[in-house]
file query-v6.pdb (PDB, N, CA and C atoms, pLDDT in the B column)
ATOM      1  N   MET A 287       2.011  -0.086   0.677  1.00 72.00           N
ATOM      2  CA  MET A 287       1.704   0.437   1.987  1.00 72.00           C
ATOM      3  C   MET A 287       2.456   1.739   2.251  1.00 72.00           C
ATOM      4  N   ALA A 288       3.640   1.853   1.684  1.00 77.00           N
ATOM      5  CA  ALA A 288       4.421   3.076   1.871  1.00 77.00           C
ATOM      6  C   ALA A 288       3.730   4.256   1.206  1.00 77.00           C
ATOM      7  N   ILE A 289       2.962   3.987   0.157  1.00 83.00           N
ATOM      8  CA  ILE A 289       2.245   5.061  -0.524  1.00 83.00           C
ATOM      9  C   ILE A 289       1.268   5.723   0.437  1.00 83.00           C
ATOM     10  N   VAL A 290       0.473   4.911   1.122  1.00 86.00           N
ATOM     11  CA  VAL A 290      -0.495   5.437   2.086  1.00 86.00           C
ATOM     12  C   VAL A 290       0.218   6.151   3.223  1.00 86.00           C
ATOM     13  N   THR A 291       1.316   5.581   3.680  1.00 86.00           N
ATOM     14  CA  THR A 291       2.079   6.173   4.775  1.00 86.00           C
ATOM     15  C   THR A 291       2.591   7.558   4.400  1.00 86.00           C
ATOM     16  N   PHE A 292       3.172   7.691   3.231  1.00 87.00           N
ATOM     17  CA  PHE A 292       3.729   8.980   2.832  1.00 87.00           C
ATOM     18  C   PHE A 292       2.650  10.017   2.536  1.00 87.00           C
ATOM     19  N   VAL A 293       1.512   9.594   1.997  1.00 89.00           N
ATOM     20  CA  VAL A 293       0.425  10.549   1.782  1.00 89.00           C
ATOM     21  C   VAL A 293      -0.115  11.031   3.135  1.00 89.00           C
ATOM     22  N   LEU A 294      -0.209  10.125   4.108  1.00 90.00           N
ATOM     23  CA  LEU A 294      -0.621  10.533   5.455  1.00 90.00           C
ATOM     24  C   LEU A 294       0.396  11.479   6.091  1.00 90.00           C
ATOM     25  N   ILE A 295       1.667  11.207   5.879  1.00 91.00           N
ATOM     26  CA  ILE A 295       2.707  12.116   6.387  1.00 91.00           C
ATOM     27  C   ILE A 295       2.554  13.491   5.746  1.00 91.00           C
ATOM     28  N   GLY A 296       2.290  13.517   4.444  1.00 91.00           N
ATOM     29  CA  GLY A 296       2.069  14.783   3.754  1.00 91.00           C
ATOM     30  C   GLY A 296       0.873  15.526   4.305  1.00 91.00           C
ATOM     31  N   TRP A 297      -0.188  14.786   4.634  1.00 92.00           N
ATOM     32  CA  TRP A 297      -1.379  15.417   5.192  1.00 92.00           C
ATOM     33  C   TRP A 297      -1.100  15.979   6.587  1.00 92.00           C
ATOM     34  N   ILE A 298      -0.405  15.196   7.417  1.00 93.00           N
ATOM     35  CA  ILE A 298      -0.065  15.661   8.769  1.00 93.00           C
ATOM     36  C   ILE A 298       0.828  16.896   8.695  1.00 93.00           C
ATOM     37  N   LEU A 299       1.808  16.882   7.804  1.00 92.00           N
ATOM     38  CA  LEU A 299       2.669  18.052   7.651  1.00 92.00           C
ATOM     39  C   LEU A 299       1.899  19.266   7.138  1.00 92.00           C
ATOM     40  N   SER A 300       0.863  19.033   6.341  1.00 92.00           N
ATOM     41  CA  SER A 300       0.077  20.162   5.837  1.00 92.00           C
ATOM     42  C   SER A 300      -0.707  20.829   6.958  1.00 92.00           C
ATOM     43  N   LEU A 301      -0.980  20.118   8.031  1.00 93.00           N
ATOM     44  CA  LEU A 301      -1.640  20.732   9.184  1.00 93.00           C
ATOM     45  C   LEU A 301      -0.761  21.799   9.817  1.00 93.00           C
ATOM     46  N   PHE A 302       0.549  21.665   9.637  1.00 94.00           N
ATOM     47  CA  PHE A 302       1.515  22.636  10.158  1.00 94.00           C
ATOM     48  C   PHE A 302       2.001  23.592   9.064  1.00 94.00           C
ATOM     49  N   LYS A 303       1.235  23.678   7.962  1.00 91.00           N
ATOM     50  CA  LYS A 303       1.526  24.588   6.843  1.00 91.00           C
ATOM     51  C   LYS A 303       2.845  24.272   6.130  1.00 91.00           C
ATOM     52  N   PHE A 304       3.253  23.014   6.151  1.00 92.00           N
ATOM     53  CA  PHE A 304       4.470  22.603   5.462  1.00 92.00           C
ATOM     54  C   PHE A 304       4.311  22.707   3.950  1.00 92.00           C
ATOM     55  N   GLU A 305       3.073  22.532   3.458  1.00 91.00           N
ATOM     56  CA  GLU A 305       2.867  22.601   2.006  1.00 91.00           C
ATOM     57  C   GLU A 305       3.181  23.985   1.465  1.00 91.00           C
ATOM     58  N   GLN A 306       2.929  25.023   2.255  1.00 93.00           N
ATOM     59  CA  GLN A 306       3.262  26.374   1.811  1.00 93.00           C
ATOM     60  C   GLN A 306       4.769  26.534   1.663  1.00 93.00           C
ATOM     61  N   LEU A 307       5.524  25.907   2.550  1.00 93.00           N
ATOM     62  CA  LEU A 307       6.984  25.938   2.461  1.00 93.00           C
ATOM     63  C   LEU A 307       7.464  25.245   1.190  1.00 93.00           C
ATOM     64  N   VAL A 308       6.894  24.089   0.892  1.00 91.00           N
ATOM     65  CA  VAL A 308       7.290  23.332  -0.303  1.00 91.00           C
ATOM     66  C   VAL A 308       6.896  24.096  -1.570  1.00 91.00           C
ATOM     67  N   ILE A 309       5.692  24.651  -1.591  1.00 92.00           N
ATOM     68  CA  ILE A 309       5.235  25.400  -2.763  1.00 92.00           C
ATOM     69  C   ILE A 309       6.120  26.619  -3.000  1.00 92.00           C
ATOM     70  N   GLN A 310       6.466  27.332  -1.940  1.00 94.00           N
ATOM     71  CA  GLN A 310       7.343  28.494  -2.057  1.00 94.00           C
ATOM     72  C   GLN A 310       8.749  28.091  -2.499  1.00 94.00           C
ATOM     73  N   ALA A 311       9.248  26.961  -1.991  1.00 93.00           N
ATOM     74  CA  ALA A 311      10.577  26.489  -2.376  1.00 93.00           C
ATOM     75  C   ALA A 311      10.620  26.146  -3.863  1.00 93.00           C
ATOM     76  N   PHE A 312       9.581  25.483  -4.378  1.00 91.00           N
ATOM     77  CA  PHE A 312       9.545  25.170  -5.803  1.00 91.00           C
ATOM     78  C   PHE A 312       9.504  26.440  -6.635  1.00 91.00           C
ATOM     79  N   LYS A 313       8.755  27.414  -6.157  1.00 94.00           N
ATOM     80  CA  LYS A 313       8.650  28.670  -6.895  1.00 94.00           C
ATOM     81  C   LYS A 313      10.001  29.370  -6.969  1.00 94.00           C
ATOM     82  N   GLU A 314      10.737  29.377  -5.859  1.00 94.00           N
ATOM     83  CA  GLU A 314      12.024  30.058  -5.840  1.00 94.00           C
ATOM     84  C   GLU A 314      13.125  29.262  -6.544  1.00 94.00           C
ATOM     85  N   LEU A 315      13.129  27.961  -6.379  1.00 94.00           N
ATOM     86  CA  LEU A 315      14.199  27.143  -6.954  1.00 94.00           C
ATOM     87  C   LEU A 315      14.022  26.900  -8.453  1.00 94.00           C
ATOM     88  N   PHE A 316      12.800  26.591  -8.874  1.00 93.00           N
ATOM     89  CA  PHE A 316      12.565  26.180 -10.250  1.00 93.00           C
ATOM     90  C   PHE A 316      11.732  27.174 -11.052  1.00 93.00           C
ATOM     91  N   ASN A 317      11.307  28.256 -10.416  1.00 94.00           N
ATOM     92  CA  ASN A 317      10.483  29.279 -11.061  1.00 94.00           C
ATOM     93  C   ASN A 317       9.207  28.671 -11.642  1.00 94.00           C
ATOM     94  N   LYS A 318       8.620  27.725 -10.900  1.00 90.00           N
ATOM     95  CA  LYS A 318       7.387  27.038 -11.307  1.00 90.00           C
ATOM     96  C   LYS A 318       6.348  27.171 -10.207  1.00 90.00           C
ATOM     97  N   GLU A 319       5.120  27.429 -10.598  1.00 91.00           N
ATOM     98  CA  GLU A 319       4.003  27.449  -9.650  1.00 91.00           C
ATOM     99  C   GLU A 319       3.458  26.025  -9.527  1.00 91.00           C
ATOM    100  N   ILE A 320       3.321  25.548  -8.304  1.00 91.00           N
ATOM    101  CA  ILE A 320       2.696  24.244  -8.082  1.00 91.00           C
ATOM    102  C   ILE A 320       1.533  24.445  -7.121  1.00 91.00           C
ATOM    103  N   SER A 321       0.643  23.464  -7.099  1.00 92.00           N
ATOM    104  CA  SER A 321      -0.537  23.544  -6.243  1.00 92.00           C
ATOM    105  C   SER A 321      -0.433  22.512  -5.123  1.00 92.00           C
ATOM    106  N   LYS A 322      -1.463  22.471  -4.299  1.00 92.00           N
ATOM    107  CA  LYS A 322      -1.490  21.483  -3.218  1.00 92.00           C
ATOM    108  C   LYS A 322      -1.585  20.062  -3.768  1.00 92.00           C
ATOM    109  N   SER A 323      -2.235  19.909  -4.905  1.00 93.00           N
ATOM    110  CA  SER A 323      -2.326  18.570  -5.489  1.00 93.00           C
ATOM    111  C   SER A 323      -0.952  18.071  -5.923  1.00 93.00           C
ATOM    112  N   THR A 324      -0.106  18.960  -6.397  1.00 92.00           N
ATOM    113  CA  THR A 324       1.259  18.581  -6.744  1.00 92.00           C
ATOM    114  C   THR A 324       2.049  18.218  -5.496  1.00 92.00           C
ATOM    115  N   TYR A 325       1.790  18.941  -4.405  1.00 91.00           N
ATOM    116  CA  TYR A 325       2.421  18.647  -3.120  1.00 91.00           C
ATOM    117  C   TYR A 325       2.100  17.215  -2.691  1.00 91.00           C
ATOM    118  N   TYR A 326       0.828  16.820  -2.762  1.00 93.00           N
ATOM    119  CA  TYR A 326       0.445  15.458  -2.393  1.00 93.00           C
ATOM    120  C   TYR A 326       0.977  14.445  -3.404  1.00 93.00           C
ATOM    121  N   PHE A 327       1.041  14.831  -4.672  1.00 93.00           N
ATOM    122  CA  PHE A 327       1.588  13.935  -5.688  1.00 93.00           C
ATOM    123  C   PHE A 327       3.066  13.636  -5.413  1.00 93.00           C
ATOM    124  N   LEU A 328       3.810  14.610  -4.913  1.00 91.00           N
ATOM    125  CA  LEU A 328       5.212  14.382  -4.551  1.00 91.00           C
ATOM    126  C   LEU A 328       5.330  13.321  -3.461  1.00 91.00           C
ATOM    127  N   PHE A 329       4.488  13.418  -2.442  1.00 91.00           N
ATOM    128  CA  PHE A 329       4.509  12.406  -1.385  1.00 91.00           C
ATOM    129  C   PHE A 329       4.053  11.047  -1.909  1.00 91.00           C
ATOM    130  N   PHE A 330       3.108  11.034  -2.846  1.00 93.00           N
ATOM    131  CA  PHE A 330       2.670   9.801  -3.483  1.00 93.00           C
ATOM    132  C   PHE A 330       3.828   9.143  -4.228  1.00 93.00           C
ATOM    133  N   CYS A 331       4.589   9.940  -4.967  1.00 93.00           N
ATOM    134  CA  CYS A 331       5.735   9.411  -5.719  1.00 93.00           C
ATOM    135  C   CYS A 331       6.819   8.884  -4.783  1.00 93.00           C
ATOM    136  N   ILE A 332       7.065   9.571  -3.681  1.00 91.00           N
ATOM    137  CA  ILE A 332       8.036   9.087  -2.700  1.00 91.00           C
ATOM    138  C   ILE A 332       7.583   7.735  -2.150  1.00 91.00           C
ATOM    139  N   GLY A 333       6.287   7.590  -1.911  1.00 88.00           N
ATOM    140  CA  GLY A 333       5.746   6.320  -1.443  1.00 88.00           C
ATOM    141  C   GLY A 333       5.903   5.209  -2.468  1.00 88.00           C
ATOM    142  N   ILE A 334       5.701   5.542  -3.741  1.00 91.00           N
ATOM    143  CA  ILE A 334       5.889   4.539  -4.799  1.00 91.00           C
ATOM    144  C   ILE A 334       7.340   4.075  -4.829  1.00 91.00           C
ATOM    145  N   PHE A 335       8.283   5.019  -4.732  1.00 90.00           N
ATOM    146  CA  PHE A 335       9.693   4.637  -4.719  1.00 90.00           C
ATOM    147  C   PHE A 335      10.018   3.785  -3.504  1.00 90.00           C
ATOM    148  N   GLY A 336       9.413   4.089  -2.372  1.00 83.00           N
ATOM    149  CA  GLY A 336       9.619   3.276  -1.175  1.00 83.00           C
ATOM    150  C   GLY A 336       9.117   1.858  -1.364  1.00 83.00           C
ATOM    151  N   ASP A 337       7.938   1.715  -1.975  1.00 81.00           N
ATOM    152  CA  ASP A 337       7.404   0.378  -2.252  1.00 81.00           C
ATOM    153  C   ASP A 337       8.265  -0.371  -3.265  1.00 81.00           C
ATOM    154  N   LEU A 338       8.763   0.334  -4.278  1.00 85.00           N
ATOM    155  CA  LEU A 338       9.622  -0.313  -5.275  1.00 85.00           C
ATOM    156  C   LEU A 338      10.931  -0.791  -4.651  1.00 85.00           C
ATOM    157  N   ILE A 339      11.489  -0.007  -3.760  1.00 83.00           N
ATOM    158  CA  ILE A 339      12.729  -0.416  -3.095  1.00 83.00           C
ATOM    159  C   ILE A 339      12.483  -1.659  -2.261  1.00 83.00           C
ATOM    160  N   LEU A 340      11.375  -1.688  -1.511  1.00 77.00           N
ATOM    161  CA  LEU A 340      11.045  -2.889  -0.737  1.00 77.00           C
ATOM    162  C   LEU A 340      10.838  -4.094  -1.646  1.00 77.00           C
ATOM    163  N   LEU A 341      10.202  -3.874  -2.794  1.00 77.00           N
ATOM    164  CA  LEU A 341       9.944  -4.972  -3.726  1.00 77.00           C
ATOM    165  C   LEU A 341      11.233  -5.536  -4.298  1.00 77.00           C
ATOM    166  N   PHE A 342      12.148  -4.668  -4.728  1.00 80.00           N
ATOM    167  CA  PHE A 342      13.395  -5.126  -5.325  1.00 80.00           C
ATOM    168  C   PHE A 342      14.350  -5.732  -4.304  1.00 80.00           C
ATOM    169  N   GLN A 343      14.243  -5.338  -3.049  1.00 79.00           N
ATOM    170  CA  GLN A 343      15.083  -5.928  -2.012  1.00 79.00           C
ATOM    171  C   GLN A 343      14.541  -7.271  -1.548  1.00 79.00           C
ATOM    172  N   GLY A 344      13.326  -7.585  -1.923  1.00 72.00           N
ATOM    173  CA  GLY A 344      12.710  -8.831  -1.495  1.00 72.00           C
ATOM    174  C   GLY A 344      12.071  -8.726  -0.120  1.00 72.00           C
ATOM    175  N   ALA A 345      12.103  -7.565   0.467  1.00 70.00           N
ATOM    176  CA  ALA A 345      11.543  -7.383   1.803  1.00 70.00           C
ATOM    177  C   ALA A 345      10.059  -7.067   1.762  1.00 70.00           C
ATOM    178  N   TYR A 346       9.518  -6.823   0.596  1.00 64.00           N
ATOM    179  CA  TYR A 346       8.114  -6.442   0.463  1.00 64.00           C
ATOM    180  C   TYR A 346       7.203  -7.562   0.957  1.00 64.00           C
ATOM    181  N   TYR A 347       7.477  -8.793   0.522  1.00 65.00           N
ATOM    182  CA  TYR A 347       6.631  -9.918   0.895  1.00 65.00           C
ATOM    183  C   TYR A 347       6.799 -10.268   2.353  1.00 65.00           C
ATOM    184  N   VAL A 348       8.019 -10.190   2.872  1.00 64.00           N
ATOM    185  CA  VAL A 348       8.272 -10.461   4.278  1.00 64.00           C
ATOM    186  C   VAL A 348       7.585  -9.418   5.142  1.00 64.00           C
ATOM    187  N   TYR A 349       7.609  -8.170   4.695  1.00 62.00           N
ATOM    188  CA  TYR A 349       6.989  -7.077   5.448  1.00 62.00           C
ATOM    189  C   TYR A 349       5.490  -7.260   5.582  1.00 62.00           C
ATOM    190  N   PHE A 350       4.825  -7.750   4.532  1.00 62.00           N
ATOM    191  CA  PHE A 350       3.378  -7.886   4.575  1.00 62.00           C
ATOM    192  C   PHE A 350       2.897  -9.255   5.027  1.00 62.00           C
ATOM    193  N   LEU A 351       3.735 -10.267   5.022  1.00 60.00           N
ATOM    194  CA  LEU A 351       3.320 -11.585   5.474  1.00 60.00           C
ATOM    195  C   LEU A 351       3.438 -11.750   6.979  1.00 60.00           C
ATOM    196  N   ASN A 352       4.221 -10.924   7.620  1.00 58.00           N
ATOM    197  CA  ASN A 352       4.368 -11.055   9.077  1.00 58.00           C
ATOM    198  C   ASN A 352       3.497 -10.115   9.806  1.00 58.00           C
TER     199      ASN A 352
END
call {"tool": "encode", "arguments": {"input": "query-v6.pdb", "output": "structure tokens"}}
result
Amino acid sequence: MAIVTFVLIGWILSLFKFEQLVIQAFKELFNKEISKSTYYFLFFCIGIFGDLILLFQGAYYVYFLN
């Protein structure tokens, strides 16, 4: 569920041109060009880590059963 949440957050932030900030930051920090798909993939990965943390803490099942 965190995956969907973080992708939606990424989409909402893109309405305010946040993706341009992230793309420019990657270009300046790592000297790498990234696209909007990479921007959404970053939020997808953050969501996966969020789900994994909930799973390993045992809160994943409690979160979805209630």
call {"tool": "resolve_selection", "arguments": {"input": "query-v6.pdb", "expression": "the PyMOL selection byres ((chain A and resi 333) around 6.5)", "output": "ChimeraX atom specification"}}
result
/A:288-290,292-293,328-332,334-338
call {"tool": "closest_residue", "arguments": {"input": "query-v6.pdb", "among": "A:Asn317, A:Ile339, A:Lys322, A:Met287", "to": "Glu305 of chain A", "atoms": "only N, CA and C atoms"}}
result
A:Lys322
call {"tool": "atom_distance", "arguments": {"input": "query-v6.pdb", "atom1": "atom CA of Lys318 of chain A", "atom2": "atom CA of Lys303 of chain A"}}
result
19.2 Å
call {"tool": "atom_distance", "arguments": {"input": "query-v6.pdb", "atom1": "atom N of Gly296 of chain A", "atom2": "atom CA of Ile309 of chain A"}}
result
14.2 Å
call {"tool": "atom_distance", "arguments": {"input": "query-v6.pdb", "atom1": "atom CA of Gln310 of chain A", "atom2": "atom CA of Leu294 of chain A"}}
result
21.0 Å
call {"tool": "select_by_dssp", "arguments": {"input": "query-v6.pdb", "residues": "segment 293-324 of chain A", "states": "helix (DSSP H, G or I)", "output": "list in words"}}
result
Val293, Leu294, Ile295, Gly296, Trp297, Ile298, Leu299, Ser300, Leu301, Phe304, Glu305, Gln306, Leu307, Val308, Ile309, Gln310, Ala311, Phe312, Lys313, Glu314, Leu315, Phe316, Lys322, Ser323 and Thr324 of chain A
call {"tool": "build_atoms", "arguments": {"input": "query-v6.pdb", "residues": "segment 326-337 of chain A", "atoms": "all heavy atoms", "output": "short mmCIF file (atom, residue, chain, number, x, y, z; two decimals), in the coordinates of the input"}}
result
data_model
loop_
_atom_site.label_atom_id
_atom_site.label_comp_id
_atom_site.auth_asym_id
_atom_site.auth_seq_id
_atom_site.Cartn_x
_atom_site.Cartn_y
_atom_site.Cartn_z
N TYR A 326 0.83 16.82 -2.76
CA TYR A 326 0.44 15.46 -2.39
C TYR A 326 0.98 14.44 -3.40
O TYR A 326 1.34 13.32 -3.04
CB TYR A 326 -1.07 15.34 -2.26
CG TYR A 326 -1.59 15.99 -1.00
CD1 TYR A 326 -2.36 17.14 -1.06
CD2 TYR A 326 -1.28 15.47 0.24
CE1 TYR A 326 -2.83 17.74 0.09
CE2 TYR A 326 -1.75 16.06 1.40
CZ TYR A 326 -2.51 17.20 1.32
OH TYR A 326 -2.96 17.81 2.46
N PHE A 327 1.04 14.83 -4.67
CA PHE A 327 1.59 13.94 -5.69
C PHE A 327 3.07 13.64 -5.41
O PHE A 327 3.52 12.52 -5.64
CB PHE A 327 1.41 14.54 -7.08
CG PHE A 327 1.90 13.66 -8.18
CD1 PHE A 327 1.20 12.51 -8.52
CD2 PHE A 327 3.06 13.97 -8.87
CE1 PHE A 327 1.65 11.69 -9.54
CE2 PHE A 327 3.52 13.15 -9.89
CZ PHE A 327 2.81 12.00 -10.22
N LEU A 328 3.81 14.61 -4.91
CA LEU A 328 5.21 14.38 -4.55
C LEU A 328 5.33 13.32 -3.46
O LEU A 328 6.17 12.42 -3.54
CB LEU A 328 5.87 15.68 -4.09
CG LEU A 328 6.12 16.73 -5.15
CD1 LEU A 328 6.60 18.03 -4.51
CD2 LEU A 328 7.13 16.23 -6.16
N PHE A 329 4.49 13.42 -2.44
CA PHE A 329 4.51 12.41 -1.38
C PHE A 329 4.05 11.05 -1.91
O PHE A 329 4.57 10.01 -1.50
CB PHE A 329 3.64 12.85 -0.20
CG PHE A 329 4.35 13.81 0.70
CD1 PHE A 329 4.20 15.17 0.53
CD2 PHE A 329 5.17 13.35 1.72
CE1 PHE A 329 4.85 16.07 1.35
CE2 PHE A 329 5.83 14.23 2.55
CZ PHE A 329 5.68 15.59 2.37
N PHE A 330 3.11 11.03 -2.85
CA PHE A 330 2.67 9.80 -3.48
C PHE A 330 3.83 9.14 -4.23
O PHE A 330 4.05 7.93 -4.12
CB PHE A 330 1.50 10.12 -4.43
CG PHE A 330 0.99 8.93 -5.20
CD1 PHE A 330 0.15 8.03 -4.59
CD2 PHE A 330 1.34 8.75 -6.52
CE1 PHE A 330 -0.34 6.94 -5.29
CE2 PHE A 330 0.86 7.67 -7.24
CZ PHE A 330 0.02 6.76 -6.62
N CYS A 331 4.59 9.94 -4.97
CA CYS A 331 5.74 9.41 -5.72
C CYS A 331 6.82 8.88 -4.78
O CYS A 331 7.43 7.84 -5.06
CB CYS A 331 6.31 10.48 -6.64
SG CYS A 331 5.24 10.86 -8.02
N ILE A 332 7.06 9.57 -3.68
CA ILE A 332 8.04 9.09 -2.70
C ILE A 332 7.58 7.74 -2.15
O ILE A 332 8.38 6.82 -1.98
CB ILE A 332 8.23 10.12 -1.57
CG1 ILE A 332 8.90 11.38 -2.11
CG2 ILE A 332 9.06 9.53 -0.44
CD1 ILE A 332 8.90 12.54 -1.14
N GLY A 333 6.29 7.59 -1.91
CA GLY A 333 5.75 6.32 -1.44
C GLY A 333 5.90 5.21 -2.47
O GLY A 333 6.21 4.06 -2.13
N ILE A 334 5.70 5.54 -3.74
CA ILE A 334 5.89 4.54 -4.80
C ILE A 334 7.34 4.08 -4.83
O ILE A 334 7.62 2.88 -4.93
CB ILE A 334 5.47 5.10 -6.17
CG1 ILE A 334 3.96 5.21 -6.25
CG2 ILE A 334 6.00 4.25 -7.31
CD1 ILE A 334 3.45 5.85 -7.51
N PHE A 335 8.28 5.02 -4.73
CA PHE A 335 9.69 4.64 -4.72
C PHE A 335 10.02 3.78 -3.50
O PHE A 335 10.80 2.84 -3.59
CB PHE A 335 10.59 5.87 -4.77
CG PHE A 335 10.60 6.56 -6.10
CD1 PHE A 335 10.39 7.92 -6.17
CD2 PHE A 335 10.80 5.86 -7.27
CE1 PHE A 335 10.39 8.57 -7.40
CE2 PHE A 335 10.80 6.49 -8.50
CZ PHE A 335 10.59 7.85 -8.56
N GLY A 336 9.41 4.09 -2.37
CA GLY A 336 9.62 3.28 -1.18
C GLY A 336 9.12 1.86 -1.36
O GLY A 336 9.78 0.89 -0.97
N ASP A 337 7.94 1.72 -1.98
CA ASP A 337 7.40 0.38 -2.25
C ASP A 337 8.26 -0.37 -3.26
O ASP A 337 8.48 -1.58 -3.14
CB ASP A 337 5.97 0.47 -2.76
CG ASP A 337 4.95 0.57 -1.66
OD1 ASP A 337 5.30 0.26 -0.50
OD2 ASP A 337 3.80 0.96 -1.95
#
